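> If it helps, the file is called run_27.pdb and holds PDB, C-alpha atoms (C1' of nucleotides):
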ATOM      1  CA  MET Y   1     112.160  93.612  93.735
ATOM      2  CA  LYS Y   2     110.832  93.414  90.208
ATOM      3  CA  SER Y   3     112.575  92.342  87.073
ATOM      4  CA  GLU Y   4     111.505  91.326  83.618
ATOM      5  CA  PRO Y   5     112.505  87.695  83.152
ATOM      6  CA  SER Y   6     113.371  88.408  79.524
ATOM      7  CA  GLU Y   7     116.039  90.779  80.863
ATOM      8  CA  PHE Y   8     117.060  89.147  84.115
ATOM      9  CA  GLY Y   9     114.975  86.457  85.781
ATOM     10  CA  ILE Y  10     115.252  84.244  88.827
ATOM     11  CA  ASP Y  11     116.986  81.560  86.766
ATOM     12  CA  ASP Y  12     119.629  84.063  85.703
ATOM     13  CA  LEU Y  13     120.264  84.877  89.354
ATOM     14  CA  LYS Y  14     120.394  81.176  90.189
ATOM     15  CA  THR Y  15     123.058  80.671  87.524
ATOM     16  CA  ARG Y  16     125.079  83.725  88.475
ATOM     17  CA  LYS Y  17     124.658  83.197  92.264
ATOM     18  CA  THR Y  18     124.996  86.949  92.889
ATOM     19  CA  ALA Y  19     124.227  90.081  90.910
ATOM     20  CA  HIS Y  20     124.352  93.851  91.049
ATOM     21  CA  TRP Y  21     120.786  95.176  91.168
ATOM     22  CA  ASP Y  22     121.666  97.994  88.796
ATOM     23  CA  GLY Y  23     119.617 100.179  86.511
ATOM     24  CA  VAL Y  24     117.147 101.500  89.079
ATOM     25  CA  ARG Y  25     116.359 105.065  87.997
ATOM     26  CA  ASN Y  26     113.542 106.023  90.287
ATOM     27  CA  TYR Y  27     114.221 108.011  93.440
ATOM     28  CA  GLN Y  28     111.757 106.228  95.668
ATOM     29  CA  ALA Y  29     112.997 102.807  94.610
ATOM     30  CA  ARG Y  30     116.570 103.975  95.140
ATOM     31  CA  ASN Y  31     115.710 105.181  98.620
ATOM     32  CA  TYR Y  32     114.280 101.801  99.529
ATOM     33  CA  MET Y  33     117.482 100.162  98.307
ATOM     34  CA  ARG Y  34     119.517 102.569 100.418
ATOM     35  CA  ASP Y  35     117.603 101.355 103.451
ATOM     36  CA  MET Y  36     118.398  97.706 102.800
ATOM     37  CA  LYS Y  37     120.708  95.877 105.175
ATOM     38  CA  LYS Y  38     123.015  92.993 104.510
ATOM     39  CA  GLY Y  39     121.087  89.788 105.122
ATOM     40  CA  ASP Y  40     117.693  91.282 104.277
ATOM     41  CA  ARG Y  41     115.536  88.894 102.325
ATOM     42  CA  ILE Y  42     113.973  89.840  99.045
ATOM     43  CA  PHE Y  43     111.012  88.545  97.082
ATOM     44  CA  PHE Y  44     111.938  88.313  93.419
ATOM     45  CA  TYR Y  45     109.022  89.342  91.205
ATOM     46  CA  HIS Y  46     108.701  88.721  87.481
ATOM     47  CA  SER Y  47     106.992  91.525  85.572
ATOM     48  CA  SER Y  48     105.946  91.991  81.956
ATOM     49  CA  CYS Y  49     105.714  88.291  81.262
ATOM     50  CA  PRO Y  50     103.050  85.607  80.752
ATOM     51  CA  GLU Y  51     102.568  85.004  84.480
ATOM     52  CA  PRO Y  52     103.570  88.013  86.552
ATOM     53  CA  GLY Y  53     104.212  87.089  90.159
ATOM     54  CA  ILE Y  54     106.642  86.299  92.939
ATOM     55  CA  VAL Y  55     108.964  83.512  91.873
ATOM     56  CA  GLY Y  56     111.748  83.289  94.405
ATOM     57  CA  ILE Y  57     113.809  84.631  97.246
ATOM     58  CA  ALA Y  58     117.091  86.496  97.212
ATOM     59  CA  GLN Y  59     119.168  88.157  99.899
ATOM     60  CA  VAL Y  60     121.205  91.331 100.221
ATOM     61  CA  VAL Y  61     124.929  90.562 100.264
ATOM     62  CA  ARG Y  62     126.208  94.118  99.814
ATOM     63  CA  GLU Y  63     124.482  97.294 100.870
ATOM     64  CA  ALA Y  64     123.873 100.290  98.629
ATOM     65  CA  HIS Y  65     126.842 101.555  96.667
ATOM     66  CA  PRO Y  66     127.162 103.655  93.503
ATOM     67  CA  ASP Y  67     125.555 102.235  90.369
ATOM     68  CA  HIS Y  68     128.401 102.541  87.869
ATOM     69  CA  THR Y  69     126.121 101.805  84.926
ATOM     70  CA  ALA Y  70     124.844 105.371  85.279
ATOM     71  CA  PHE Y  71     128.277 106.625  84.170
ATOM     72  CA  ASP Y  72     128.553 104.336  81.165
ATOM     73  CA  ARG Y  73     127.599 106.153  78.006
ATOM     74  CA  LYS Y  74     126.899 102.894  76.269
ATOM     75  CA  ASN Y  75     124.634 101.516  78.976
ATOM     76  CA  ASP Y  76     120.864 101.625  78.487
ATOM     77  CA  HIS Y  77     120.560 103.211  81.911
ATOM     78  CA  TYR Y  78     123.224 105.859  81.342
ATOM     79  CA  ASP Y  79     122.400 109.078  83.175
ATOM     80  CA  PRO Y  80     124.563 112.060  82.212
ATOM     81  CA  LYS Y  81     123.280 113.942  85.241
ATOM     82  CA  SER Y  82     124.755 111.464  87.717
ATOM     83  CA  ASP Y  83     128.107 112.818  88.900
ATOM     84  CA  PRO Y  84     130.741 110.139  89.649
ATOM     85  CA  ASP Y  85     131.913 112.264  92.581
ATOM     86  CA  ASN Y  86     128.396 112.398  93.982
ATOM     87  CA  PRO Y  87     126.419 109.565  92.401
ATOM     88  CA  THR Y  88     122.687 109.901  92.028
ATOM     89  CA  TRP Y  89     121.991 106.213  91.601
ATOM     90  CA  MET Y  90     122.784 103.313  93.872
ATOM     91  CA  MET Y  91     122.515  99.559  93.715
ATOM     92  CA  VAL Y  92     122.656  96.656  96.124
ATOM     93  CA  ASP Y  93     124.200  93.265  95.440
ATOM     94  CA  VAL Y  94     121.937  90.275  95.918
ATOM     95  CA  LYS Y  95     122.400  86.542  96.024
ATOM     96  CA  PHE Y  96     120.118  83.718  95.024
ATOM     97  CA  VAL Y  97     118.448  81.947  97.933
ATOM     98  CA  ARG Y  98     115.770  79.745  96.385
ATOM     99  CA  LYS Y  99     112.938  79.526  93.954
ATOM    100  CA  LEU Y 100     109.456  79.147  95.366
ATOM    101  CA  GLY Y 101     107.721  75.836  94.786
ATOM    102  CA  ARG Y 102     105.390  77.646  92.438
ATOM    103  CA  VAL Y 103     104.771  81.127  91.155
ATOM    104  CA  ILE Y 104     102.654  83.241  93.462
ATOM    105  CA  SER Y 105     100.780  85.039  90.733
ATOM    106  CA  LEU Y 106      99.830  88.672  90.822
ATOM    107  CA  GLU Y 107      96.247  87.440  90.563
ATOM    108  CA  ALA Y 108      96.630  85.348  93.718
ATOM    109  CA  LEU Y 109      98.344  88.201  95.540
ATOM    110  CA  LYS Y 110      95.509  90.563  94.686
ATOM    111  CA  ALA Y 111      92.868  88.032  95.684
ATOM    112  CA  ASP Y 112      94.170  87.528  99.223
ATOM    113  CA  SER Y 113      92.622  90.018 101.619
ATOM    114  CA  ARG Y 114      95.426  89.424 104.124
ATOM    115  CA  LEU Y 115      97.655  91.266 101.665
ATOM    116  CA  ASP Y 116      95.568  94.425 101.634
ATOM    117  CA  GLY Y 117      97.958  97.347 101.805
ATOM    118  CA  PHE Y 118     100.869  95.470 100.259
ATOM    119  CA  ALA Y 119     102.638  98.030  98.034
ATOM    120  CA  LEU Y 120     103.032  95.539  95.207
ATOM    121  CA  THR Y 121      99.312  95.152  94.671
ATOM    122  CA  ARG Y 122      98.331  98.725  95.290
ATOM    123  CA  ARG Y 123      96.603 100.227  92.321
ATOM    124  CA  GLY Y 124      98.875 102.084  89.971
ATOM    125  CA  ASN Y 125     102.015 100.831  91.653
ATOM    126  CA  ARG Y 126     105.051 101.126  89.391
ATOM    127  CA  LEU Y 127     107.900 100.925  91.861
ATOM    128  CA  SER Y 128     110.488  98.261  91.112
ATOM    129  CA  VAL Y 129     111.710  98.132  94.708
ATOM    130  CA  MET Y 130     109.378  98.281  97.660
ATOM    131  CA  PRO Y 131     109.166  97.186 101.271
ATOM    132  CA  VAL Y 132     107.258  94.150 102.533
ATOM    133  CA  SER Y 133     106.019  93.932 106.105
ATOM    134  CA  ASP Y 134     106.828  90.834 108.133
ATOM    135  CA  ALA Y 135     103.123  89.990 108.258
ATOM    136  CA  HIS Y 136     102.755  90.210 104.497
ATOM    137  CA  ALA Y 137     105.927  88.201 103.979
ATOM    138  CA  GLU Y 138     104.498  85.440 106.166
ATOM    139  CA  VAL Y 139     101.351  85.346 104.059
ATOM    140  CA  VAL Y 140     103.304  85.119 100.820
ATOM    141  CA  LEU Y 141     105.494  82.338 102.199
ATOM    142  CA  GLY Y 142     102.356  80.546 103.324
ATOM    143  CA  LEU Y 143     100.904  80.759  99.829
ATOM    144  CA  ALA Y 144     104.141  79.374  98.452
ATOM    145  CA  SER Y 145     104.102  76.306 100.665
ATOM    146  CA  SER Y 146     100.362  75.560 100.818
ATOM    147  CA  ARG Y 147      98.577  73.386  98.338
TER     148      ARG Y 147
ATOM    149  C1'  DG P   1      98.840  97.168  70.898
ATOM    150  C1'  DC P   2      96.124  99.650  74.328
ATOM    151  C1'  DC P   3      95.812 102.374  78.135
ATOM    152  C1'  DA P   4      95.809 103.802  83.155
ATOM    153  C1'  DA P   5      98.770 105.583  86.367
ATOM    154  C1'  DC P   6     102.489 107.660  87.567
ATOM    155  C1'  DG P   7     107.198 110.385  87.338
ATOM    156  C1'  DT P   8     109.877 113.924  85.048
ATOM    157  C1'  DT P   9     110.689 117.984  82.408
ATOM    158  C1'  DG P  10     110.561 122.607  81.301
ATOM    159  C1'  DG P  11     108.049 126.935  80.130
ATOM    160  C1'  DC P  12     105.995 130.458  82.451
TER     161       DC P  12
ATOM    162  C1'  DG B   1     105.444 126.851  92.326
ATOM    163  C1'  DC B   2     102.113 125.440  88.774
ATOM    164  C1'  DC B   3     100.877 122.458  85.284
ATOM    165  C1'  DA B   4     100.747 120.639  80.504
ATOM    166  C1'  DA B   5     103.279 117.652  77.770
ATOM    167  C1'  DC B   6     105.759 113.841  77.482
ATOM    168  C1'  DG B   7     107.985 109.318  78.712
ATOM    169  C1'  DT B   8     107.788 104.946  81.240
ATOM    170  C1'  DT B   9     105.815 101.008  83.563
ATOM    171  C1'  DG B  10     103.360  97.058  83.377
ATOM    172  C1'  DG B  11      98.939  94.508  83.288
ATOM    173  C1'  DC B  12      95.849  92.966  80.101
TER     174       DC B  12
END
If you took the structure in this file and wrote it as structure tokens, what would it be?

Amino acid sequence: MKSEPSEFGIDDLKTRKTAHWDGVRNYQARNYMRDMKKGDRIFFYHSSCPEPGIVGIAQVVREAHPDHTAFDRKNDHYDPKSDPDNPTWMMVDVKFVRKLGRVISLEALKADSRLDGFALTRRGNRLSVMPVSDAHAEVVLGLASSR
DNA sequence: GCCAACGTTGGC
DNA sequence: GCCAACGTTGGC
């Protein structure tokens, strides 16, 4: 899952312990969130910042439920088309697990051929929520712990 | 700030 | 249903 650290970064999650992953307004990303199960682990990715990359791990603590920020006129992610009786947008709740020992930079992710096919590094990818295969997750965790 | 890539909107 | 115009994302 991607977030801009200037808006909400891994340190914010660490402080808050848990958070609603609200504001997702893309159908494909929403669908991936709907598929998430309690206990699923999440790589936390920092985007639009000096060193884009994977910075930590979070975990699903509550499965998809309506994103109330879509109904709030004053919210940046307000969507007048989302009907409270049949909400368009969903969110999951996540909790902080840990920060990685170091940032696994986008550059490093792209450079590793074992990660070919990883949605995050696919050209033109703009999804803020995407799946990670077990094999790719192992590689990323390996990069995080190797020297 | 630039720009490629993509998603959404709306006229037809 | 097509597609041009527009808006957004996000790396650089």
> Could you state the separation of CA of Ala58 (chain Y) and CA of Arg34 (chain Y) in Å, given to one decimal place?
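These two atoms are separated by 16.6 Å.
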> Could you work out how far C1' of DT8 (chain P) lies from C1' of DG7 (chain B), giving the answer in Å with one decimal?
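C1' of DT8 (chain P) lies at a distance of 8.1 Å from C1' of DG7 (chain B).
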> Could you write out as a CSV table (one decimal) with C-alpha atoms, in the frame of the given file the residues that the PyMOL selection byres ((chain Y) within 9 of (chain B)) matches in the shown file?

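As a result, result03.csv now contains:
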chain,number,residue,atom,x,y,z
Y,47,SER,CA,107.0,91.5,85.6
Y,48,SER,CA,105.9,92.0,82.0
Y,52,PRO,CA,103.6,88.0,86.6
Y,125,ASN,CA,102.0,100.8,91.7
Y,126,ARG,CA,105.1,101.1,89.4
Y,127,LEU,CA,107.9,100.9,91.9
> So what does the PyMOL selection byres ((chain Y and resi 13) around 12) actually pick up in this one, as a PyMOL selection string?
chain Y and resi 3+5+7-12+14-21+44+55-59+93-99
> Run the PyMOL selection byres ((chain Y and resi 66) around 12) against the file shown and list the residues it catches, as a list of chain:residue names.
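Applied to this file, the PyMOL selection byres ((chain Y and resi 66) around 12) returns Y:His20, Y:Trp21, Y:Asp22, Y:Gly23, Y:Val24, Y:Arg30, Y:Met33, Y:Arg34, Y:Arg62, Y:Glu63, Y:Ala64, Y:His65, Y:Asp67, Y:His68, Y:Thr69, Y:Ala70, Y:Phe71, Y:Ser82, Y:Asp83, Y:Pro84, Y:Asp85, Y:Asn86, Y:Pro87, Y:Thr88, Y:Trp89, Y:Met90, Y:Met91, Y:Val92, Y:Asp93.
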> Tell me, in Å to one decimal, how far CA of Ser128 (chain Y) is from CA of Asn26 (chain Y).
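Distance reported for this atom pair: 8.4 Å.
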> Counting only C-alpha atoms, figure out which residue out of Y:Gly53, Y:Asp35, Y:Ser6, Y:Asp40 gets nearest to Leu100 (chain Y).
Y:Gly53
